[in-house]
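Trainee: Dropping in data14.cif, which is mmCIF, C-alpha atoms:
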```cif
data_query
loop_
_atom_site.label_atom_id
_atom_site.label_comp_id
_atom_site.auth_asym_id
_atom_site.auth_seq_id
_atom_site.Cartn_x
_atom_site.Cartn_y
_atom_site.Cartn_z
CA MET J 1 26.89 17.79 3.43
CA PRO J 2 26.65 14.56 5.45
CA THR J 3 29.24 11.82 4.97
CA HIS J 4 27.83 8.77 3.19
CA LEU J 5 28.99 5.16 3.23
CA VAL J 6 27.49 4.85 -0.25
CA SER J 7 27.69 7.30 -3.13
CA LYS J 8 25.51 5.57 -5.74
CA VAL J 9 22.30 3.56 -5.29
CA VAL J 10 20.02 1.78 -7.73
CA VAL J 11 16.38 1.40 -6.70
CA VAL J 12 14.46 -1.27 -8.62
CA GLY J 13 10.69 -0.78 -8.69
CA GLY J 14 8.44 2.07 -9.79
CA GLY J 15 5.74 1.62 -7.16
CA ILE J 16 5.33 3.66 -4.00
CA PHE J 17 8.13 1.93 -2.04
CA GLY J 18 10.67 2.35 -4.82
CA VAL J 19 9.75 5.91 -5.73
CA SER J 20 9.56 7.09 -2.11
CA SER J 21 12.93 5.52 -1.30
CA ALA J 22 14.57 6.97 -4.41
CA LEU J 23 13.34 10.46 -3.59
CA HIS J 24 14.49 10.23 0.03
CA LEU J 25 17.94 9.05 -1.13
CA SER J 26 18.19 11.98 -3.54
CA ARG J 27 17.16 14.34 -0.74
CA LEU J 28 20.14 12.99 1.20
CA GLY J 29 22.40 13.97 -1.68
CA ILE J 30 23.05 10.44 -2.94
CA GLU J 31 23.28 9.71 -6.66
CA THR J 32 20.23 7.53 -7.29
CA ILE J 33 18.94 5.64 -10.32
CA LEU J 34 15.32 4.44 -10.29
CA VAL J 35 14.70 1.51 -12.63
CA ASN J 36 11.33 -0.03 -13.47
CA ASP J 37 10.35 -2.87 -15.79
CA GLY J 38 7.45 -0.92 -17.34
CA PRO J 39 5.80 2.44 -16.72
CA LEU J 40 5.67 3.86 -13.21
CA ALA J 41 2.84 2.61 -10.94
CA SER J 42 2.16 -0.27 -13.33
CA GLY J 43 2.12 -2.89 -10.55
CA ALA J 44 0.31 -3.15 -7.22
CA SER J 45 0.50 0.61 -6.59
CA GLY J 46 -1.72 1.18 -9.63
CA ARG J 47 -4.47 -1.12 -8.35
CA SER J 48 -4.42 -0.50 -4.60
CA LEU J 49 -7.42 0.49 -2.50
CA ALA J 50 -4.82 2.73 -0.78
CA TRP J 51 -6.72 3.09 2.50
CA LEU J 52 -4.56 4.92 5.08
CA ASN J 53 -5.20 3.19 8.38
CA SER J 54 -4.07 1.07 11.29
CA ALA J 55 -7.48 -0.36 12.14
CA ARG J 56 -8.29 -3.72 13.73
CA VAL J 57 -5.66 -5.94 15.38
CA ARG J 58 -1.98 -6.42 14.52
CA SER J 59 1.36 -6.48 16.34
CA ALA J 60 2.25 -3.44 18.45
CA GLU J 61 5.35 -2.80 16.34
CA TYR J 62 3.42 -2.91 13.07
CA HIS J 63 0.73 -0.60 14.49
CA ARG J 64 3.42 1.86 15.58
CA LEU J 65 5.01 1.89 12.12
CA ARG J 66 1.65 2.39 10.42
CA MET J 67 0.80 5.29 12.73
CA VAL J 68 4.10 6.99 11.89
CA GLY J 69 3.29 6.30 8.23
CA ILE J 70 -0.05 8.08 8.58
CA ASP J 71 1.75 10.98 10.29
CA ARG J 72 3.88 11.54 7.18
CA TYR J 73 0.71 11.78 5.09
CA ARG J 74 -0.60 14.35 7.56
CA THR J 75 2.51 16.43 6.87
CA LEU J 76 2.01 16.01 3.12
CA SER J 77 -1.66 16.95 3.44
CA ALA J 78 -0.70 20.15 5.25
CA LYS J 79 1.58 21.01 2.30
CA TYR J 80 -1.17 20.22 -0.24
CA PRO J 81 -4.39 21.01 1.68
CA ASP J 82 -6.56 21.10 -1.44
CA ALA J 83 -5.17 17.92 -3.04
CA ALA J 84 -7.92 15.78 -4.56
CA TRP J 85 -5.58 12.75 -4.38
CA LEU J 86 -5.07 12.74 -0.59
CA ARG J 87 -8.04 12.93 1.76
CA PHE J 88 -8.60 12.36 5.48
CA ASP J 89 -12.38 11.95 5.64
CA GLY J 90 -12.43 8.88 7.88
CA GLY J 91 -13.13 5.19 7.51
CA LEU J 92 -16.29 3.22 8.35
CA THR J 93 -16.28 -0.54 8.85
CA TRP J 94 -18.82 -3.18 9.81
CA ASP J 95 -18.80 -6.98 9.93
CA ALA J 96 -21.24 -9.66 8.79
CA ASP J 97 -24.16 -10.52 11.05
CA ASP J 98 -22.86 -13.94 12.10
CA VAL J 99 -20.40 -15.56 14.52
CA SER J 100 -17.48 -13.91 12.71
CA ASN J 101 -18.62 -10.44 13.84
CA GLU J 102 -15.83 -8.86 15.93
CA ILE J 103 -16.90 -5.21 15.84
CA MET J 104 -17.09 -4.76 19.62
CA GLU J 105 -13.77 -6.56 20.18
CA ALA J 106 -12.12 -4.47 17.46
CA PHE J 107 -13.59 -1.29 18.93
CA ALA J 108 -12.32 -2.13 22.43
CA HIS J 109 -8.86 -2.91 21.03
CA GLU J 110 -8.66 0.32 19.06
CA LYS J 111 -9.75 2.35 22.08
CA SER J 112 -7.12 0.62 24.22
CA LEU J 113 -4.45 1.86 21.79
CA GLY J 114 -5.77 5.39 21.72
CA TYR J 115 -6.73 4.90 18.06
CA ASP J 116 -9.51 7.35 17.23
CA ALA J 117 -12.64 5.20 17.04
CA ARG J 118 -16.38 5.65 17.53
CA HIS J 119 -18.92 2.84 17.73
CA LEU J 120 -22.02 3.81 15.77
CA ARG J 121 -25.45 2.27 15.43
CA ALA J 122 -26.99 2.57 11.99
CA GLY J 123 -29.01 5.64 12.92
CA ASP J 124 -25.89 7.48 14.08
CA ILE J 125 -24.05 7.12 10.78
CA PRO J 126 -25.56 9.93 8.65
CA SER J 127 -24.44 12.59 11.12
CA ALA J 128 -20.92 11.10 11.28
CA THR J 129 -20.24 10.41 7.61
CA PRO J 130 -22.55 10.93 4.61
CA GLY J 131 -23.42 8.68 1.71
CA VAL J 132 -23.92 5.33 3.48
CA ALA J 133 -26.97 3.08 3.14
CA VAL J 134 -27.74 2.68 6.83
CA ASN J 135 -30.03 -0.30 6.20
CA ALA J 136 -26.94 -2.25 5.05
CA VAL J 137 -25.23 -1.90 8.44
CA THR J 138 -25.52 -5.02 10.59
CA PRO J 139 -27.18 -4.89 14.05
CA GLN J 140 -23.82 -4.97 15.87
CA GLY J 141 -23.11 -1.52 14.44
CA ALA J 142 -20.06 -0.02 12.77
CA ILE J 143 -16.76 1.59 13.75
CA PHE J 144 -16.04 5.08 12.44
CA ASN J 145 -12.36 6.07 12.49
CA PRO J 146 -12.27 9.84 11.82
CA GLY J 147 -8.49 9.96 11.36
CA GLU J 148 -8.30 7.53 8.46
CA GLY J 149 -8.02 8.48 4.82
CA TRP J 150 -6.96 7.43 1.35
CA VAL J 151 -4.41 8.37 -1.27
CA ASP J 152 -4.36 8.00 -5.03
CA LEU J 153 -0.97 6.33 -5.42
CA PRO J 154 -0.41 7.01 -9.15
CA ALA J 155 -0.94 10.74 -8.49
CA LEU J 156 1.40 10.65 -5.48
CA ILE J 157 4.04 8.73 -7.42
CA LYS J 158 3.89 11.32 -10.22
CA LEU J 159 4.44 14.10 -7.66
CA LEU J 160 7.37 12.33 -5.95
CA VAL J 161 9.06 11.41 -9.23
CA ALA J 162 8.89 15.01 -10.43
CA GLU J 163 10.86 16.07 -7.36
CA PHE J 164 13.24 13.11 -7.76
CA VAL J 165 14.08 14.06 -11.35
CA GLY J 166 14.27 17.73 -10.38
CA ARG J 167 16.94 16.83 -7.83
CA GLY J 168 19.01 15.10 -10.49
CA GLY J 169 17.74 11.56 -10.01
CA GLN J 170 17.93 9.29 -13.05
CA LEU J 171 14.69 7.60 -14.09
CA VAL J 172 14.78 4.48 -16.30
CA THR J 173 11.37 3.03 -17.25
CA ASP J 174 10.40 0.14 -19.55
CA ALA J 175 13.69 -1.56 -18.75
CA GLY J 176 12.30 -5.10 -18.53
CA ARG J 177 13.17 -7.49 -15.73
CA ALA J 178 16.13 -6.35 -13.61
CA THR J 179 18.79 -8.63 -12.13
CA VAL J 180 20.73 -7.65 -9.02
CA THR J 181 24.41 -8.46 -9.48
CA VAL J 182 26.41 -9.71 -6.50
CA ALA J 183 30.12 -10.48 -6.20
CA ASP J 184 32.16 -11.56 -3.15
CA GLY J 185 29.24 -11.08 -0.77
CA ARG J 186 28.27 -7.60 -1.81
CA VAL J 187 26.05 -5.91 -4.36
CA THR J 188 27.74 -4.52 -7.46
CA GLY J 189 24.74 -3.14 -9.32
CA VAL J 190 21.83 -4.02 -11.59
CA SER J 191 21.48 -5.30 -15.14
CA THR J 192 18.22 -5.15 -17.09
CA ALA J 193 16.54 -7.23 -19.79
CA THR J 194 17.14 -4.41 -22.26
CA GLY J 195 20.91 -4.82 -21.79
CA ALA J 196 21.56 -1.80 -19.60
CA THR J 197 23.89 -2.14 -16.60
CA PHE J 198 24.15 0.18 -13.61
CA ALA J 199 26.98 -0.08 -11.11
CA ALA J 200 26.07 0.76 -7.51
CA ASP J 201 27.26 0.65 -3.91
CA ALA J 202 23.78 -0.45 -2.80
CA VAL J 203 20.58 -1.72 -4.40
CA LEU J 204 17.04 -1.55 -3.06
CA LEU J 205 14.72 -4.19 -4.50
CA ALA J 206 11.14 -2.89 -4.33
CA THR J 207 9.44 -4.98 -6.99
CA GLY J 208 6.37 -6.07 -5.04
CA SER J 209 5.45 -9.72 -5.42
CA GLU J 210 8.68 -10.40 -7.34
CA VAL J 211 10.84 -9.75 -4.26
CA PRO J 212 10.72 -13.28 -2.73
CA ARG J 213 11.46 -14.93 -6.09
CA THR J 214 14.37 -12.60 -6.81
CA VAL J 215 15.84 -12.94 -3.32
CA ALA J 216 15.63 -16.75 -3.59
CA GLN J 217 18.36 -16.54 -6.25
CA THR J 218 20.75 -15.59 -3.45
CA GLY J 219 19.74 -18.67 -1.45
CA GLN J 220 17.75 -16.61 1.04
CA HIS J 221 14.08 -17.14 1.83
CA ILE J 222 11.25 -14.64 2.30
CA PRO J 223 7.88 -16.38 2.83
CA ASP J 224 5.29 -15.21 0.33
CA GLY J 225 1.54 -14.96 0.97
CA THR J 226 0.74 -12.90 -2.13
CA PRO J 227 -2.80 -13.34 -3.52
CA ILE J 228 -4.10 -12.14 -6.88
CA ALA J 229 -6.16 -9.00 -6.32
CA LEU J 230 -8.81 -7.20 -8.33
CA LEU J 231 -9.54 -3.47 -8.13
CA VAL J 232 -12.59 -2.16 -9.98
CA ARG J 233 -13.00 1.51 -10.87
CA THR J 234 -16.44 2.95 -11.57
CA LYS J 235 -17.36 5.80 -13.84
CA PRO J 236 -17.70 9.14 -12.02
CA ALA J 237 -20.93 9.42 -10.05
CA ALA J 238 -22.26 12.36 -8.07
CA LEU J 239 -22.24 10.72 -4.64
CA PRO J 240 -21.87 12.24 -1.15
CA LEU J 241 -19.57 9.45 0.12
CA ARG J 242 -16.27 10.73 1.53
CA ALA J 243 -15.11 7.98 3.89
CA VAL J 244 -13.51 4.67 2.97
CA LEU J 245 -16.01 1.84 3.55
CA ASN J 246 -14.97 -1.65 4.63
CA THR J 247 -18.01 -3.90 4.66
CA PRO J 248 -18.54 -7.68 4.61
CA ARG J 249 -18.94 -7.90 0.82
CA VAL J 250 -17.12 -4.86 -0.58
CA ALA J 251 -14.60 -2.14 0.23
CA VAL J 252 -15.28 1.25 -1.32
CA ARG J 253 -13.26 4.44 -1.55
CA PRO J 254 -13.74 7.70 -3.41
CA THR J 255 -11.29 8.69 -6.14
CA PRO J 256 -9.99 12.13 -7.19
CA ASN J 257 -12.37 12.37 -10.16
CA GLY J 258 -15.57 11.54 -8.25
CA ALA J 259 -15.61 7.85 -9.11
CA LEU J 260 -15.19 4.89 -6.74
CA ALA J 261 -12.56 2.19 -6.31
CA LEU J 262 -13.87 -1.21 -5.20
CA ASP J 263 -12.41 -4.50 -4.00
CA SER J 264 -13.35 -7.51 -1.87
CA ALA J 265 -12.08 -10.89 -0.69
CA TRP J 266 -14.67 -12.90 -2.64
CA SER J 267 -13.91 -11.21 -5.95
CA GLU J 268 -10.19 -11.95 -5.55
CA GLU J 269 -11.06 -15.63 -5.26
CA GLU J 270 -12.96 -15.50 -8.55
CA VAL J 271 -9.98 -14.25 -10.59
CA ILE J 272 -8.89 -16.88 -13.13
CA VAL J 273 -5.14 -17.54 -13.35
CA ASN J 274 -4.37 -18.87 -16.84
CA SER J 275 -1.59 -21.34 -17.61
CA ASP J 276 0.43 -18.61 -19.37
CA GLY J 277 0.41 -16.44 -16.24
CA THR J 278 -2.23 -14.00 -17.47
CA TYR J 279 -5.46 -13.37 -15.57
CA GLY J 280 -9.12 -13.59 -16.45
CA VAL J 281 -11.99 -11.78 -14.75
CA LYS J 282 -15.58 -12.86 -15.30
CA ALA J 283 -18.18 -10.24 -16.21
CA SER J 284 -20.32 -11.61 -13.38
CA THR J 285 -17.55 -10.81 -10.88
CA LEU J 286 -17.28 -7.22 -12.08
CA GLN J 287 -21.05 -6.76 -12.07
CA GLY J 288 -21.27 -8.40 -8.65
CA LEU J 289 -18.81 -5.90 -7.16
CA LEU J 290 -20.73 -2.98 -8.65
CA GLU J 291 -23.97 -4.33 -7.18
CA GLU J 292 -22.45 -4.96 -3.74
CA ALA J 293 -21.11 -1.40 -3.70
CA SER J 294 -24.51 -0.01 -4.66
CA LYS J 295 -26.10 -1.84 -1.72
CA VAL J 296 -23.92 -0.01 0.84
CA LEU J 297 -24.38 3.45 -0.71
CA GLU J 298 -27.19 5.83 0.12
CA GLY J 299 -29.97 5.57 -2.46
CA ASN J 300 -28.45 2.41 -3.98
CA PRO J 301 -27.15 4.28 -7.07
CA LYS J 302 -26.53 2.44 -10.34
CA LEU J 303 -22.76 2.17 -10.73
CA GLU J 304 -21.08 1.68 -14.10
CA LEU J 305 -17.73 0.02 -14.80
CA GLU J 306 -14.93 2.31 -15.96
CA SER J 307 -11.95 -0.07 -15.76
CA TYR J 308 -10.31 -2.68 -13.57
CA GLY J 309 -6.83 -3.81 -12.61
CA VAL J 310 -5.82 -7.34 -11.71
CA GLY J 311 -2.53 -8.81 -10.48
CA PRO J 312 -0.51 -9.80 -7.43
CA LYS J 313 -1.07 -7.97 -4.12
CA PRO J 314 2.24 -8.20 -2.21
CA ILE J 315 1.77 -9.82 1.21
CA PRO J 316 4.64 -11.49 3.13
CA GLY J 317 3.94 -14.97 4.44
CA ASP J 318 3.70 -13.83 8.07
CA GLY J 319 1.70 -10.70 7.18
CA GLU J 320 4.37 -8.32 8.53
CA PRO J 321 6.54 -5.98 6.43
CA VAL J 322 9.95 -7.09 5.16
CA LEU J 323 12.16 -3.98 5.12
CA GLY J 324 15.94 -3.70 5.30
CA ARG J 325 19.22 -5.36 4.34
CA LEU J 326 19.51 -9.00 3.38
CA ASN J 327 21.60 -11.25 5.58
CA ASP J 328 25.22 -11.70 4.50
CA ILE J 329 25.03 -9.55 1.35
CA GLU J 330 26.45 -6.08 1.81
CA GLY J 331 24.41 -3.35 0.18
CA TYR J 332 21.38 -5.49 -0.79
CA TYR J 333 18.12 -4.06 0.62
CA VAL J 334 14.50 -5.09 0.11
CA ALA J 335 11.03 -3.59 0.58
CA PHE J 336 8.16 -6.09 0.49
CA SER J 337 4.93 -5.48 2.34
CA HIS J 338 1.18 -5.28 2.42
CA SER J 339 -0.25 -1.82 3.22
CA GLY J 340 2.11 -0.18 0.73
CA ALA J 341 0.04 3.00 0.73
CA THR J 342 0.05 3.49 4.52
CA LEU J 343 3.77 2.67 4.78
CA GLY J 344 4.89 4.21 1.50
CA LEU J 345 6.32 7.50 2.73
CA ILE J 346 7.80 6.30 6.02
CA ALA J 347 9.31 3.12 4.56
CA GLY J 348 11.09 5.14 1.90
CA GLU J 349 12.38 7.60 4.48
CA LEU J 350 13.69 4.94 6.88
CA LEU J 351 15.20 2.72 4.19
CA ALA J 352 16.96 5.67 2.58
CA GLY J 353 18.43 6.59 5.96
CA GLU J 354 19.68 3.05 6.54
CA ILE J 355 21.18 2.79 3.06
CA ALA J 356 22.85 6.20 3.34
CA THR J 357 24.35 5.76 6.81
CA GLY J 358 24.51 2.02 7.46
CA ASN J 359 22.69 2.63 10.76
CA GLU J 360 19.65 0.44 11.37
CA HIS J 361 16.52 2.32 12.45
CA PRO J 362 14.79 0.92 15.55
CA LEU J 363 11.33 1.27 13.96
CA LEU J 364 12.33 -1.44 11.47
CA ALA J 365 13.89 -3.80 14.02
CA ASN J 366 11.05 -6.35 13.84
CA PHE J 367 10.72 -6.26 10.08
CA ARG J 368 14.14 -7.23 8.79
CA PRO J 369 14.63 -10.13 6.32
CA ALA J 370 17.01 -11.70 8.88
CA ARG J 371 13.99 -12.94 10.86
CA PHE J 372 13.56 -15.70 8.26
CA ALA J 373 17.17 -16.91 8.41
#
```
Would you write the structure of this file as structure tokens?
Mentor:
Amino acid sequence: MPTHLVSKVVVVGGGIFGVSSALHLSRLGIETILVNDGPLASGASGRSLAWLNSARVRSAEYHRLRMVGIDRYRTLSAKYPDAAWLRFDGGLTWDADDVSNEIMEAFAHEKSLGYDARHLRAGDIPSATPGVAVNAVTPQGAIFNPGEGWVDLPALIKLLVAEFVGRGGQLVTDAGRATVTVADGRVTGVSTATGATFAADAVLLATGSEVPRTVAQTGQHIPDGTPIALLVRTKPAALPLRAVLNTPRVAVRPTPNGALALDSAWSEEEVIVNSDGTYGVKASTLQGLLEEASKVLEGNPKLELESYGVGPKPIPGDGEPVLGRLNDIEGYYVAFSHSGATLGLIAGELLAGEIATGNEHPLLANFRPARFA
């Protein structure tokens, strides 16, 4: 067995970052406790579009990390080739027909990186990916990325947790808000709102949008750009769509049960934040999303609302992931990022390795909390 600098770790957060990290720690033979305030996948992971991609333009380091993240899903897909919850059927994107249209620039950038991309005119789309209303595609055309996919995060989390518990990991759900305890410049463990306490050599805080607020209690600052997001789920519909669609007015992805998941920028802006911290969603917003999705689907099918989820979508203030140990506090690690689905498996793997060995991984060099010091 490898020699560890830590023997016991508490991971706080039952979303994809927390669950993936906890499993990777247990695979390394470390005693691990996974603590969540409510049920698993009850936060952002339960209402994520969960598009697996590194499309468009971002920093070279972030692109590299996302591509390694997608690679881990490829490995998982090879292990579960018939999984309904993990599919690589491509992604199709087009922009509005106005001055904001950057399809050709995005296509040139993706090609320059070696990212698998094809520029399609509307008439080319049916032979590349079925189920799209070609009359909705703007004259500048669309980009089809054959290597992209999607994952159903609640199903993945259930799979990973089963292995975690099978390896002897301790799962604590419905624990209420957790507090990280620190003494003499190092982590000592976690206490929860239900009165439970867990001693630990290291703690990973993976509580989504709560991370910046919790870290601020230590006097350290992580800029927060978190918006309130809305994910709408339709009732199952017999549709030929397989790809993830990113269009000017709606993003659409299939789900394991033959339904669709929908979101958009405009619908996020229509979410009502009440004074007590709860959220309101207008019926017109929900109906508007269903109608926008119908417009981009072949035959303009009538879509019916099944359910929706609303709440914070974790995004750091500079848009880049925040992964690794806090400055000046031994054993205190954080995971806070957009694109939780794409990064979920690799972030957990790399963070577990850092926690277990104390050795910083070069893939995370640009994403450490220390950049905000």
Trainee: Write out as a ChimeraX atom specification the residues lying within 8 Å of Leu153 of chain J, counting all atoms listed in the file and excluding same-chain residues fewer than 2 positions away.
Mentor: /J:16,41,45-46,48,50,85,151,155-157,341
Trainee: On this structure, the PyMOL selection byres ((chain J and resi 58) around 12) would catch which residues? List them as an NGL selection string, sorted by chain and number.
Mentor: :J and (53-57 or 59-66 or 106 or 109-110 or 113 or 318-321)
Trainee: Counting only C-alpha atoms, which of J:Trp150, J:Phe367, J:Phe107, J:Trp266 gets nearest to Ala243 of chain J?
Mentor: J:Trp150
Trainee: Pick out the residues sitting within 12 Å of Asn101 of chain J, and hand them over as JSON, numbers by chain; count all atoms listed in the file, and ignore anything fewer than 4 positions along from it in its own chain.
Mentor: {"J": [93, 94, 95, 96, 97, 105, 106, 107, 138, 139, 140, 141, 142, 247, 248]}
Trainee: Using all atoms listed in the file, can you tell me which of J:Thr179, J:Gln220, J:Thr357, J:Gln170 comes closest to Ala370 of chain J?
Mentor: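 Using all atoms listed in the file, Ala370 of chain J sits closest to J:Gln220.
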Trainee: Using only C-alpha atoms - which residues lie no farther than 12 Å from the point (31.4, -13.0, -0.4) in the file's frame? Write them as a list in words.
Mentor: Val182, Ala183, Asp184, Gly185, Arg186, Val187, Thr188, Thr218, Asn327, Asp328, Ile329, Glu330 and Gly331 of chain J
Trainee: Taking the file as shown, what set of residues would the PyMOL selection byres ((chain J and resi 240) around 9) give back, as a list in words?
Mentor: Pro130, Gly131, Val132, Ala238, Leu239, Leu241, Arg242 and Glu298 of chain J
Trainee: What's the 8 Å shell around Ala44 of chain J, counting all atoms listed in the file, without same-chain residues fewer than 4 positions away, as a ChimeraX atom specification?
Mentor: /J:15,48,208,311-314
Trainee: Take the residues that were just selected and, keeping C-alpha atoms, output them as a PDB file, keeping the file's coordinate frame.
Mentor:
```pdb
ATOM      1  CA  GLY J  15       5.740   1.620  -7.160  1.00  0.00           C
ATOM      2  CA  SER J  48      -4.420  -0.500  -4.600  1.00  0.00           C
ATOM      3  CA  GLY J 208       6.370  -6.070  -5.040  1.00  0.00           C
ATOM      4  CA  GLY J 311      -2.530  -8.810 -10.480  1.00  0.00           C
ATOM      5  CA  PRO J 312      -0.510  -9.800  -7.430  1.00  0.00           C
ATOM      6  CA  LYS J 313      -1.070  -7.970  -4.120  1.00  0.00           C
ATOM      7  CA  PRO J 314       2.240  -8.200  -2.210  1.00  0.00           C
TER       8      PRO J 314
END
```
Trainee: I need every residue sitting at most 6 Å from the point (-20.4, 1.7, -0.8) (coordinates as in the file, only C-alpha atoms considered), written as JSON, numbers by chain.
Mentor: {"J": [252, 293, 294, 296, 297]}
